[in-house]
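A quick write-up on the structure given underneath.
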Amino acid sequence: MRPAWKAAEDNSRGGTSEDEPLGGWLIGELVVRADFDRLRAYDIGTGTVRWTWPVPDRDVLLAVSPDARDGIALVLHLDDGRTDGGRPRVAAVDLATGSRLWSRDHHGRDLGYFHRSTPHTALSGRRVVSVTDRQVESAAPEDGATLWRSPLPSEAPKVDAWIMCADPVVVVSTERGRRGERRVLVFDDSGNLTASLSLPPPYERVALPAAVVNEMLVAKLIHPDDSPDAEERIGGFDLSTGELRWERRPGLGVHTLLPHRGMLLLLHSFGNGITVLDARDGRAVARRRLRGHGSGSGLLRGAGDRFAVIGPSGSRSPLRVFHWR
């Protein structure tokens with residue numbers, strides 16, 4: 001991994017959790033990072049800032065689409081200071097120019113509650129997904145029309161549910177009560193339930209990050225015996241059978257799972273290393289160190305042989321670009 005350039009430290013946000021990036025994209029000759037108050041594009045070859053799109057009014061970004069179909073990213077934003085909870089809007093931003101193409105009011109849907117570790121709303125380049133304790137819904141971003149609505153299969157009176165992936169739609173459902181089941185539900189483009197994955201004991205739950213590659217769902221696994229400083233576990237679920245096919249401790253914390261050229265790339269804690277896995281069996285294919293000072297967390301984005309590590313804006317290396325030799 002040959003380093004190309006890195007962006008300068010930005011302390012304008014005061015070193016708080018608002019430093020954390022919400023997303024990012026590599027598109028054409030640009031690398032774009034998403035922060036709570038703006039999108040900013042850099043020339044992928046030189047690091048020169050090409051454009052900045054500020055989030056309108058007093059709004060803040062809640063979520064962005066991990067993909068950018070035809071170079072268009074979707075973003076969800078609202079005014080989080082309003083006593084009525086604000087009116088969430090979905091906007092489409094052209095990543096080549098930084099211009100907003102359209103904006104849609106989605107205040108008829110409960111999209112305002114958002115927690116990054118257990119989101120109730122998620123975006124992809126072609127849908128807005130929301131979940132309640134009873135159902136999951138997919139809506140068209142441009143006009144808000146419901147594409148499909150499906151109940152969450154459960155015999156319990158109530159479940160706690162959140163969205164693990166938006167494309168395909170993957171929902172984590174936990175029934176309340178000591179005997180409540182924990183399941184991972186996968187839906188197709190018509191809202192049909194195609195897989196119901198049970199979490200085998202002794203695992204307590206699954207967690208982000210997660211990714212789907214080669215018909216495998218790979219996610220972080222939480223084991224009750226793991227101490228806070230223990231190496232994190234990830235596991236691969238076979239979407240055709242629903243079984244947990246493999247479990248690994250790839251070393252240090254895992255902050256990003258990125259499908260790339262049929263493989264799965266893991267960005268480790270502090271952004272100083274990448275492990276390449278075969279998602280079918282969890283086998284480590286390669287390990288690469290990343291030069292430069294990383295941060296406690298970060299996002300990995302890639303296109304072709306170029307990669308970007310997007311860290312907190314106030315860190316020593318908020319954005320680093322590499323070439324894969």
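Chain labels A, B, ... are given in the sequence in which chains occur in the structure tokens; within each chain residues are numbered consecutively from 1, and ligands are likewise numbered from 1 in the order shown.
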request  = May I have the residues within 6 Å of Val276 in chain A as a ChimeraX atom specification, using only C-alpha atoms and disregarding those fewer than 5 positions away in the same chain?
outcome  = /A:264-265,284-286
key: Which of range 164-284 of chain A fall in strand (DSSP E or B), as a PyMOL selection string   = chain A and resi 164-166+169-175+182-187+193-198+205-213+216-222+233-238+244-248+254-260+263-268+273-278+283-284
ask   = Nearest to Val309 in chain A: which of A:Leu277, A:Leu197, A:Ala156, A:Leu266 is it, counting only C-alpha atoms?
value =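 Of A:Leu277, A:Leu197, A:Ala156, A:Leu266, the one nearest Val309 in chain A, counting only C-alpha atoms, is A:Leu266.
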task = Have a look at A:Val90, A:Leu152, A:Leu185, A:Leu319 and name the one nearest to Glu9 in chain A; count only C-alpha atoms.
result = A:Leu319
Do you have, as a Markdown table, the list of residues of range 151-263 of chain A lying at most 9 Å from range 117-128 of chain A, each with its nearest atom pair and that distance in Å to one decimal, counting only C-alpha atoms and ordered by chain then number?
```
| residue | atom | partner | partner_atom | distance |
| --- | --- | --- | --- | --- |
| A:Ala161 | CA | A:His120 | CA | 7.5 |
| A:Trp162 | CA | A:His120 | CA | 5.0 |
| A:Ile163 | CA | A:Pro119 | CA | 5.6 |
| A:Met164 | CA | A:Pro119 | CA | 7.6 |
| A:Cys165 | CA | A:Ala122 | CA | 7.4 |
| A:Ala166 | CA | A:Ser124 | CA | 5.7 |
| A:Asp167 | CA | A:Ser124 | CA | 6.2 |
| A:Val172 | CA | A:Thr118 | CA | 8.9 |
| A:Ala207 | CA | A:Ser117 | CA | 7.4 |
| A:Leu208 | CA | A:Ser117 | CA | 6.5 |
| A:Pro209 | CA | A:Ser117 | CA | 8.6 |
```
Output of the above residues as an mmCIF file, in the first residue's frame, restricted to all heavy atoms:
```cif
data_model
loop_
_atom_site.group_PDB
_atom_site.id
_atom_site.type_symbol
_atom_site.label_atom_id
_atom_site.label_comp_id
_atom_site.auth_asym_id
_atom_site.auth_seq_id
_atom_site.Cartn_x
_atom_site.Cartn_y
_atom_site.Cartn_z
ATOM 1 N N ALA A 161 -35.650 -3.918 16.920
ATOM 2 C CA ALA A 161 -35.115 -4.182 15.589
ATOM 3 C C ALA A 161 -34.286 -3.001 15.112
ATOM 4 O O ALA A 161 -34.569 -1.848 15.450
ATOM 5 C CB ALA A 161 -36.246 -4.465 14.607
ATOM 6 N N TRP A 162 -33.262 -3.314 14.320
ATOM 7 C CA TRP A 162 -32.465 -2.273 13.682
ATOM 8 C C TRP A 162 -31.930 -2.793 12.356
ATOM 9 O O TRP A 162 -31.984 -3.996 12.084
ATOM 10 C CB TRP A 162 -31.330 -1.800 14.595
ATOM 11 C CG TRP A 162 -30.379 -2.855 15.081
ATOM 12 C CD1 TRP A 162 -30.557 -3.661 16.168
ATOM 13 C CD2 TRP A 162 -29.102 -3.204 14.521
ATOM 14 N NE1 TRP A 162 -29.472 -4.501 16.319
ATOM 15 C CE2 TRP A 162 -28.569 -4.238 15.330
ATOM 16 C CE3 TRP A 162 -28.358 -2.749 13.434
ATOM 17 C CZ2 TRP A 162 -27.324 -4.820 15.063
ATOM 18 C CZ3 TRP A 162 -27.118 -3.324 13.171
ATOM 19 C CH2 TRP A 162 -26.617 -4.340 13.985
ATOM 20 N N ILE A 163 -31.434 -1.883 11.533
ATOM 21 C CA ILE A 163 -31.048 -2.224 10.165
ATOM 22 C C ILE A 163 -29.536 -2.404 10.093
ATOM 23 O O ILE A 163 -28.765 -1.498 10.415
ATOM 24 C CB ILE A 163 -31.496 -1.131 9.181
ATOM 25 C CG1 ILE A 163 -33.019 -0.956 9.254
ATOM 26 C CG2 ILE A 163 -31.074 -1.468 7.753
ATOM 27 C CD1 ILE A 163 -33.518 0.275 8.557
ATOM 28 N N MET A 164 -29.127 -3.581 9.645
ATOM 29 C CA MET A 164 -27.701 -3.870 9.488
ATOM 30 C C MET A 164 -27.203 -3.465 8.106
ATOM 31 O O MET A 164 -26.100 -2.924 7.978
ATOM 32 C CB MET A 164 -27.455 -5.360 9.730
ATOM 33 C CG MET A 164 -26.027 -5.799 9.532
ATOM 34 S SD MET A 164 -25.733 -7.474 10.148
ATOM 35 C CE MET A 164 -25.421 -7.135 11.885
ATOM 36 N N CYS A 165 -27.988 -3.718 7.051
ATOM 37 C CA CYS A 165 -27.629 -3.349 5.686
ATOM 38 C C CYS A 165 -28.893 -2.871 4.970
ATOM 39 O O CYS A 165 -29.996 -3.327 5.279
ATOM 40 C CB CYS A 165 -27.043 -4.522 4.916
ATOM 41 S SG CYS A 165 -25.504 -5.186 5.564
ATOM 42 N N ALA A 166 -28.695 -1.966 3.996
ATOM 43 C CA ALA A 166 -29.825 -1.475 3.202
ATOM 44 C C ALA A 166 -29.896 -2.113 1.831
ATOM 45 O O ALA A 166 -30.933 -2.037 1.174
ATOM 46 C CB ALA A 166 -29.749 0.047 3.065
ATOM 47 N N ASP A 167 -28.810 -2.723 1.365
ATOM 48 C CA ASP A 167 -28.804 -3.323 0.038
ATOM 49 C C ASP A 167 -27.831 -4.497 0.018
ATOM 50 O O ASP A 167 -26.623 -4.285 -0.146
ATOM 51 C CB ASP A 167 -28.409 -2.279 -1.008
ATOM 52 C CG ASP A 167 -28.905 -2.626 -2.397
ATOM 53 O OD1 ASP A 167 -29.394 -3.765 -2.572
ATOM 54 O OD2 ASP A 167 -28.811 -1.775 -3.295
ATOM 55 N N VAL A 172 -31.797 -6.849 12.047
ATOM 56 C CA VAL A 172 -31.526 -7.623 13.263
ATOM 57 C C VAL A 172 -32.721 -7.465 14.196
ATOM 58 O O VAL A 172 -33.121 -6.352 14.524
ATOM 59 C CB VAL A 172 -30.241 -7.143 13.959
ATOM 60 C CG1 VAL A 172 -29.997 -7.926 15.245
ATOM 61 C CG2 VAL A 172 -29.049 -7.273 13.012
ATOM 62 N N ALA A 207 -23.186 -7.191 15.588
ATOM 63 C CA ALA A 207 -22.999 -5.746 15.622
ATOM 64 C C ALA A 207 -22.340 -5.296 14.321
ATOM 65 O O ALA A 207 -21.803 -6.098 13.551
ATOM 66 C CB ALA A 207 -22.144 -5.341 16.832
ATOM 67 N N LEU A 208 -22.418 -3.998 14.084
ATOM 68 C CA LEU A 208 -21.715 -3.401 12.956
ATOM 69 C C LEU A 208 -20.230 -3.322 13.254
ATOM 70 O O LEU A 208 -19.836 -3.281 14.412
ATOM 71 C CB LEU A 208 -22.284 -2.001 12.690
ATOM 72 C CG LEU A 208 -23.752 -1.945 12.235
ATOM 73 C CD1 LEU A 208 -24.211 -0.508 12.145
ATOM 74 C CD2 LEU A 208 -23.945 -2.662 10.907
ATOM 75 N N PRO A 209 -19.394 -3.348 12.195
ATOM 76 C CA PRO A 209 -19.737 -3.282 10.780
ATOM 77 C C PRO A 209 -20.195 -4.621 10.228
ATOM 78 O O PRO A 209 -19.969 -5.665 10.839
ATOM 79 C CB PRO A 209 -18.417 -2.836 10.138
ATOM 80 C CG PRO A 209 -17.367 -3.438 11.022
ATOM 81 C CD PRO A 209 -17.926 -3.325 12.414
#
```
Distance query Trp148 in chain A at most 6 Å, only C-alpha atoms, self and fewer than 3 positions along chain excluded, as a list in words = Glu137, Ser138 and Gly191 of chain A
query = Between A:Ala68, A:Ala308, A:Leu290, A:Leu193, which has the minimum distance to Val321 in chain A (counting only C-alpha atoms)?
reply =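 Closest to Val321 in chain A, using only C-alpha atoms: A:Ala308.
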ask   = Which of these, A:Arg306, A:Arg104, A:Arg116, A:Arg245, has the shortest distance to Leu62 in chain A once you count only C-alpha atoms?
value = A:Arg116
ask   = Which polymer residues have any atom within 10 Å of an atom of Pro318 in chain A, counting only C-alpha atoms, with same-chain residues fewer than 2 positions away left out, as a ChimeraX atom specification?
value = /A:6-10,19-21,33,293-295,298,309-316,320
task = Identify which of the residues A:Leu257, A:Ala140, A:Met1, A:Val218 lies closest to Asp305 in chain A, counting only C-alpha atoms when measuring atom-to-atom distances.
result =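 Of A:Leu257, A:Ala140, A:Met1, A:Val218, the one nearest Asp305 in chain A, counting only C-alpha atoms, is A:Met1.
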